[in-house]
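For reference, the structure is listed below as structure tokens.
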Amino acid sequence: MKKSEIVKSTTGKLRGYLEKGLHIFKGIPYAQPPIGDLRFRNPVEKEPWEGILEAIEFGCIPPQPYIPASSVRDHPQNEDCLTLNIWTPACDNENRPVMFWIHGGGFYYGGAPSPRYNGEFLSQRGNVCVISINYRLGALGNLYVPDKVSNLGFIDQFTALKWIYDNIKNFGGDPNNITIFGESAGSTAVCTLLSMPLAKPLIRRAICQSGALEPQGHHPEGGLLVSKKLFSRMNIKMGDIDALRKISVEKLIEKENEIRMENWLKGDFPGYPPTIDENKVPEYPLLAIKNGASKNVDLLIGTNLNEWTFFSMLTPELQKMDWNGLTEYINKSLSSFNPDIKQVEKLINSFKHSGNNPFEVLNAISTELTFRYPSIKVAEAQSKHNNNTYMYLFTYRTPALGGVHGATHALEIPFVFGTLDDTEFGVYPKMDEINTKISEIMMDSWISFTRSGDPNHDGIIEWPTYDIDNRYTLLFGNENKVEKDPLGAERVALEEITNNYRS
């Protein structure tokens, strides 16, 4: 391994390694380890280290349940996990655009070392600096106790972003041209950061992939409900943080995973949602965006055509659902809007063309409700303040299992990163000529947007901006094309129920 030059940072000197024409730095600590008395506290500024930090290996991922199919399943876990990674063509004065990646996983799972998030190909192709980070997950990152603990994972993300803002110039990057991008929970995090007063000055552009701002999210009662269950399962008085600090991390993960699985089997999907609090996330993010909080931020946002198959395929009993069962399921999913049964039946009828049976219609409605519709609401809100707002729909159908997954959740990630692989889950496609071309087009759009706020480039059809009059959307798939308001009838059908969309 050939080592890189030594780079100075605000927290000390560090040295990475050279590979394929890139300077790569891994496992850089951006805060003090959140262990002992620092567990369940805001991240503390990293104390400068002595000597030279050899930044050549990924840091530990956050503690989380073991998932056999996870791409980070074999990576070591530890509460000392607040690290970031950098891929850069050179540590010079070129002031390259910066792409700051936040991984998904429902705020429960995942980590920066996933091979899908390898920043090598984006950095090489676009002459950009690519960053990936770890942040606290589960109760360790999202426990909510009023006036005591909240949104720690988001403050982790901000702290990492601030470290990059303060230091990326020494790695060849431009601190005034940072694009934050993420997928699923990472995309929800991007939307949340846009509304946070602390983070807004650090962000120039944002890319949201398959995750936005659900009506069930961010409201304190949701976070409080999950926290009460955890304290009860631990036989600890609600709000006794000192007692919770004494619980081993293994037991903590075990008990919160028990709660999650029990609720999953009941058809409830509570996680640890971000919550409104006074100082960190003081306003519901969608309302903040509507009010122009991120008016200076260019936005690219979109979803996949068949997001929900990723989740429904994990619940075999849903595949046996009849039409009455579907009505009950959708009515429960829409409970926050208090629809009457006739509205639910009308909604289902408007989606029946999406499939041949209740299971396929369930996937279409759940994709719209959970992913696409919330993303549209963010695009609507932002487009009123910033013309550089773009929307996409990823339509490529994975050939796995005869194509039953379609354009499922997270399928676009290896296309965006250029990390196409056919080994994980058996869902991701091979790097053949067609798929490589789709990947190159998407990579170039993400890179172009990062550079200028415009995702257009020579290899793509003209991609117009998004507004509520035309709703131009670029479809990425075997054929790239622009459509006005794709799936518009489905959007309108859902909007009739959600016209009181919580904000």
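Identifiers in this document derive from the order of the structure tokens: chains are assigned A, B, ..., residues are numbered from 1 separately in each chain, and ligands are numbered from 1 in order of occurrence.
Omitting A:Ala212 and its sequence neighbours fewer than 6 positions away, and counting only C-alpha atoms, the residues within 6 Å are Thr188, Pro374 and Ser375 of chain A.
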Keeping only C-alpha atoms, take the residues you just selected and write them out as a PDB file, in the first residue's frame.
```
ATOM      1  CA  THR A 188     -34.966  11.764   5.259  1.00  0.00           C
ATOM      2  CA  PRO A 374     -43.723  12.714   0.429  1.00  0.00           C
ATOM      3  CA  SER A 375     -40.955  13.402  -2.107  1.00  0.00           C
TER       4      SER A 375
END
```
- Message: Would you pick out the contacts of stretch 336-343 of chain A at 7 Å or less, using only C-alpha atoms, so that residues sharing its chain but fewer than 2 positions from it are not included, and give the list as a count of residues only?
- Response: 6
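Shell of A:Asp166 at 10 Å, with only C-alpha atoms counted and residues fewer than 5 places along the chain excluded, is Ser9, Thr10, Ala160, Leu161, Pro175 and Leu202 of chain A.
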Writer output for current selection, N, CA and C atoms, as a compact mmCIF listing (two decimals), in the first residue's frame:
```
# COMPACT_ATOMS: atom_id res chain seq x y z
N SER A 9 -5.36 18.78 9.66
CA SER A 9 -6.77 19.08 9.92
C SER A 9 -6.89 19.82 11.24
N THR A 10 -8.06 20.26 11.55
CA THR A 10 -8.26 20.99 12.81
C THR A 10 -8.09 20.08 14.03
N ALA A 160 -20.25 15.87 11.63
CA ALA A 160 -19.40 15.38 10.54
C ALA A 160 -19.37 16.39 9.39
N LEU A 161 -20.53 16.96 9.07
CA LEU A 161 -20.60 17.96 8.00
C LEU A 161 -19.76 19.19 8.35
N PRO A 175 -15.26 24.03 0.38
CA PRO A 175 -16.23 24.03 1.48
C PRO A 175 -17.50 24.80 1.16
N LEU A 202 -24.06 25.37 5.82
CA LEU A 202 -23.00 24.50 5.30
C LEU A 202 -23.38 23.80 4.00
```
- Query: Within 10 Å of A:Leu411, counting only C-alpha atoms, which residues qualify if same-chain residues fewer than 2 places away don't, as JSON, numbers by chain?
  - Reply: {"A": [304, 306, 307, 310, 394, 395, 396, 397, 398, 405, 406, 407, 408, 409, 413, 414, 415, 416, 420, 427, 428, 429]}
Filtering to C-alpha atoms, could you give me those residues as a short mmCIF file (atom, residue, chain, number, x, y, z; two decimals), in the first residue's frame?
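Output file result-v1.cif follows:
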```cif
data_model
loop_
_atom_site.label_atom_id
_atom_site.label_comp_id
_atom_site.auth_asym_id
_atom_site.auth_seq_id
_atom_site.Cartn_x
_atom_site.Cartn_y
_atom_site.Cartn_z
CA ASN A 304 -38.02 4.19 -7.42
CA ASN A 306 -41.60 -0.18 -6.93
CA GLU A 307 -40.06 0.81 -3.59
CA PHE A 310 -38.27 -4.46 -0.78
CA PHE A 394 -36.08 5.26 -11.34
CA THR A 395 -37.88 2.63 -13.43
CA TYR A 396 -35.23 -0.05 -14.09
CA ARG A 397 -36.62 -3.49 -13.17
CA THR A 398 -34.14 -5.88 -11.62
CA HIS A 405 -39.10 -6.93 -7.29
CA GLY A 406 -39.30 -4.40 -10.12
CA ALA A 407 -37.55 -1.10 -9.45
CA THR A 408 -37.33 -1.88 -5.77
CA HIS A 409 -36.07 0.19 -2.84
CA ILE A 413 -27.69 3.06 -5.24
CA PRO A 414 -25.12 0.99 -7.19
CA PHE A 415 -26.12 2.82 -10.36
CA VAL A 416 -25.44 6.17 -8.67
CA LEU A 420 -23.01 -2.50 -9.85
CA VAL A 427 -31.21 -8.31 -6.49
CA TYR A 428 -28.54 -6.03 -7.90
CA PRO A 429 -27.89 -6.51 -11.60
#
```
Within 10 Å of stretch 40-53 of chain A, counting only C-alpha atoms, which residues qualify if same-chain residues fewer than 4 places away don't, as a tab-separated table (two decimals) with N, CA and C atoms, in the first residue's frame?
```
chain	number	residue	atom	x	y	z
A	6	ILE	N	0.94	13.63	4.03
A	6	ILE	CA	0.34	13.98	5.32
A	6	ILE	C	-0.51	15.23	5.15
A	7	VAL	N	-1.71	15.18	5.67
A	7	VAL	CA	-2.64	16.31	5.57
A	7	VAL	C	-2.94	16.83	6.96
A	8	LYS	N	-2.97	18.13	7.10
A	8	LYS	CA	-3.31	18.75	8.38
A	8	LYS	C	-4.82	18.97	8.47
A	9	SER	N	-5.36	18.78	9.66
A	9	SER	CA	-6.77	19.08	9.92
A	9	SER	C	-6.89	19.82	11.24
A	10	THR	N	-8.06	20.26	11.55
A	10	THR	CA	-8.26	20.99	12.81
A	10	THR	C	-8.09	20.08	14.03
A	11	THR	N	-8.10	18.76	13.79
A	11	THR	CA	-7.96	17.84	14.92
A	11	THR	C	-6.65	17.06	14.89
A	12	GLY	N	-5.79	17.36	13.93
A	12	GLY	CA	-4.50	16.71	13.91
A	12	GLY	C	-4.07	16.31	12.50
A	13	LYS	N	-2.85	15.80	12.41
A	13	LYS	CA	-2.32	15.35	11.14
A	13	LYS	C	-2.79	13.93	10.84
A	14	LEU	N	-3.02	13.66	9.55
A	14	LEU	CA	-3.43	12.30	9.16
A	14	LEU	C	-2.87	11.94	7.80
A	15	ARG	N	-2.84	10.64	7.56
A	15	ARG	CA	-2.27	10.14	6.32
A	15	ARG	C	-3.12	8.96	5.84
A	16	GLY	N	-3.49	9.00	4.57
A	16	GLY	CA	-4.26	7.92	3.99
A	16	GLY	C	-3.41	7.09	3.07
A	27	GLY	N	-11.83	6.15	8.23
A	27	GLY	CA	-11.87	6.06	9.69
A	27	GLY	C	-11.42	7.31	10.42
A	28	ILE	N	-11.67	8.49	9.84
A	28	ILE	CA	-11.29	9.74	10.50
A	28	ILE	C	-12.30	10.07	11.59
A	29	PRO	N	-11.89	10.16	12.85
A	29	PRO	CA	-12.85	10.50	13.91
A	29	PRO	C	-13.22	11.97	13.84
A	30	TYR	N	-14.53	12.26	13.84
A	30	TYR	CA	-14.98	13.65	13.78
A	30	TYR	C	-15.57	14.13	15.11
A	31	ALA	N	-15.60	13.26	16.11
A	31	ALA	CA	-16.10	13.63	17.45
A	31	ALA	C	-15.50	12.67	18.46
A	32	GLN	N	-15.62	13.00	19.72
A	32	GLN	CA	-15.17	12.09	20.76
A	32	GLN	C	-16.05	10.83	20.74
A	33	PRO	N	-15.50	9.68	21.12
A	33	PRO	CA	-16.32	8.47	21.17
A	33	PRO	C	-17.51	8.68	22.13
A	34	PRO	N	-18.74	8.39	21.68
A	34	PRO	CA	-19.93	8.62	22.52
A	34	PRO	C	-20.16	7.45	23.48
A	35	ILE	N	-19.21	7.23	24.35
A	35	ILE	CA	-19.26	6.09	25.27
A	35	ILE	C	-19.24	6.58	26.71
A	36	GLY	N	-19.58	5.67	27.62
A	36	GLY	CA	-19.59	6.04	29.04
A	36	GLY	C	-20.56	7.17	29.32
A	82	LEU	N	-18.05	7.20	15.46
A	82	LEU	CA	-18.26	8.48	14.78
A	82	LEU	C	-17.04	8.83	13.92
A	136	ARG	N	-24.80	7.57	14.85
A	136	ARG	CA	-25.45	6.66	15.79
A	136	ARG	C	-26.85	6.26	15.31
A	139	ALA	N	-31.71	3.34	19.39
A	139	ALA	CA	-31.89	4.16	20.58
A	139	ALA	C	-30.68	5.05	20.85
A	140	LEU	N	-29.48	4.55	20.53
A	140	LEU	CA	-28.26	5.33	20.78
A	140	LEU	C	-28.25	6.63	19.99
A	141	GLY	N	-28.92	6.65	18.85
A	141	GLY	CA	-28.91	7.85	18.03
A	141	GLY	C	-30.23	8.59	17.98
A	142	ASN	N	-31.32	7.93	18.39
A	142	ASN	CA	-32.63	8.54	18.16
A	142	ASN	C	-33.58	8.46	19.36
A	143	LEU	N	-33.06	8.07	20.51
A	143	LEU	CA	-33.91	8.06	21.70
A	143	LEU	C	-34.49	9.45	21.94
A	144	TYR	N	-35.77	9.49	22.31
A	144	TYR	CA	-36.41	10.78	22.59
A	144	TYR	C	-36.97	10.79	24.00
A	148	LYS	N	-34.40	16.09	27.59
A	148	LYS	CA	-33.19	15.35	27.99
A	148	LYS	C	-32.40	14.85	26.78
A	149	VAL	N	-33.05	14.10	25.90
A	149	VAL	CA	-32.35	13.47	24.78
A	149	VAL	C	-33.21	13.56	23.53
A	150	SER	N	-32.59	13.93	22.41
A	150	SER	CA	-33.32	13.93	21.13
A	150	SER	C	-32.35	14.09	19.98
A	151	ASN	N	-32.66	13.43	18.87
A	151	ASN	CA	-32.01	13.70	17.58
A	151	ASN	C	-30.48	13.62	17.60
A	152	LEU	N	-29.93	12.72	18.39
A	152	LEU	CA	-28.47	12.65	18.50
A	152	LEU	C	-27.84	12.28	17.15
A	153	GLY	N	-28.48	11.37	16.42
A	153	GLY	CA	-27.92	10.96	15.13
A	153	GLY	C	-27.83	12.11	14.15
A	154	PHE	N	-28.81	13.03	14.20
A	154	PHE	CA	-28.78	14.18	13.30
A	154	PHE	C	-27.67	15.16	13.71
A	155	ILE	N	-27.45	15.29	14.98
A	155	ILE	CA	-26.34	16.15	15.42
A	155	ILE	C	-25.01	15.51	15.08
A	156	ASP	N	-24.94	14.17	15.11
A	156	ASP	CA	-23.75	13.48	14.60
A	156	ASP	C	-23.50	13.88	13.14
A	157	GLN	N	-24.54	13.81	12.32
A	157	GLN	CA	-24.41	14.15	10.90
A	157	GLN	C	-23.96	15.59	10.72
A	158	PHE	N	-24.56	16.50	11.49
A	158	PHE	CA	-24.14	17.90	11.41
A	158	PHE	C	-22.68	18.05	11.81
A	159	THR	N	-22.27	17.35	12.87
A	159	THR	CA	-20.89	17.46	13.36
A	159	THR	C	-19.90	16.97	12.30
A	160	ALA	N	-20.25	15.87	11.63
A	160	ALA	CA	-19.40	15.38	10.54
A	160	ALA	C	-19.37	16.39	9.39
A	163	TRP	N	-17.12	19.21	10.31
A	163	TRP	CA	-15.71	18.82	10.21
A	163	TRP	C	-15.27	18.92	8.74
A	241	ILE	N	-32.13	8.37	32.29
A	241	ILE	CA	-31.04	8.20	31.33
A	241	ILE	C	-29.80	7.60	31.98
A	242	ASP	N	-29.51	7.99	33.22
A	242	ASP	CA	-28.32	7.45	33.90
A	242	ASP	C	-28.41	5.94	34.03
A	244	LEU	N	-30.09	3.97	32.04
A	244	LEU	CA	-29.97	3.41	30.70
A	244	LEU	C	-28.52	3.39	30.23
A	245	ARG	N	-27.73	4.34	30.69
A	245	ARG	CA	-26.31	4.37	30.33
A	245	ARG	C	-25.57	3.16	30.87
```
- Task: Determine which residues of stretch 193-374 of chain A DSSP labels as strand (DSSP E or B) from the backbone of this structure, then write them out as a ChimeraX atom specification.
- Result: /A:205-209,218,275,298-304
Could you save those same residues with C-alpha atoms as an mmCIF file, in the first residue's frame?
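And here's out_31.cif as it stands now:
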```
data_model
loop_
_atom_site.group_PDB
_atom_site.id
_atom_site.type_symbol
_atom_site.label_atom_id
_atom_site.label_comp_id
_atom_site.auth_asym_id
_atom_site.auth_seq_id
_atom_site.Cartn_x
_atom_site.Cartn_y
_atom_site.Cartn_z
ATOM 1 C CA ARG A 205 -27.105 21.475 -2.782
ATOM 2 C CA ALA A 206 -29.082 18.399 -1.798
ATOM 3 C CA ILE A 207 -29.996 15.091 -3.449
ATOM 4 C CA CYS A 208 -32.772 12.993 -1.899
ATOM 5 C CA GLN A 209 -33.096 9.365 -2.997
ATOM 6 C CA HIS A 218 -40.867 14.136 13.300
ATOM 7 C CA THR A 275 -38.551 14.579 16.478
ATOM 8 C CA ASP A 298 -30.599 23.453 -5.172
ATOM 9 C CA LEU A 299 -32.583 20.209 -4.936
ATOM 10 C CA LEU A 300 -32.654 16.944 -6.879
ATOM 11 C CA ILE A 301 -35.189 14.458 -5.516
ATOM 12 C CA GLY A 302 -36.798 11.227 -6.636
ATOM 13 C CA THR A 303 -37.894 7.678 -5.927
ATOM 14 C CA ASN A 304 -38.018 4.191 -7.422
#
```
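Between atom CA of A:Lys280 and atom CA of A:Asn499 the separation is 27.9 Å.
Residues in contact with A:Met321 at up to 9 Å, not including ones fewer than 3 positions away on its chain and judged by only C-alpha atoms, are Glu317, Leu318, Asn324, Gly325, Leu326, Asn357, Pro358 and Phe359 of chain A.
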- Item | Point-to-point distance from atom CA of A:Gly418 to atom CA of A:Thr436, Å rounded to tenths | 7.8 Å
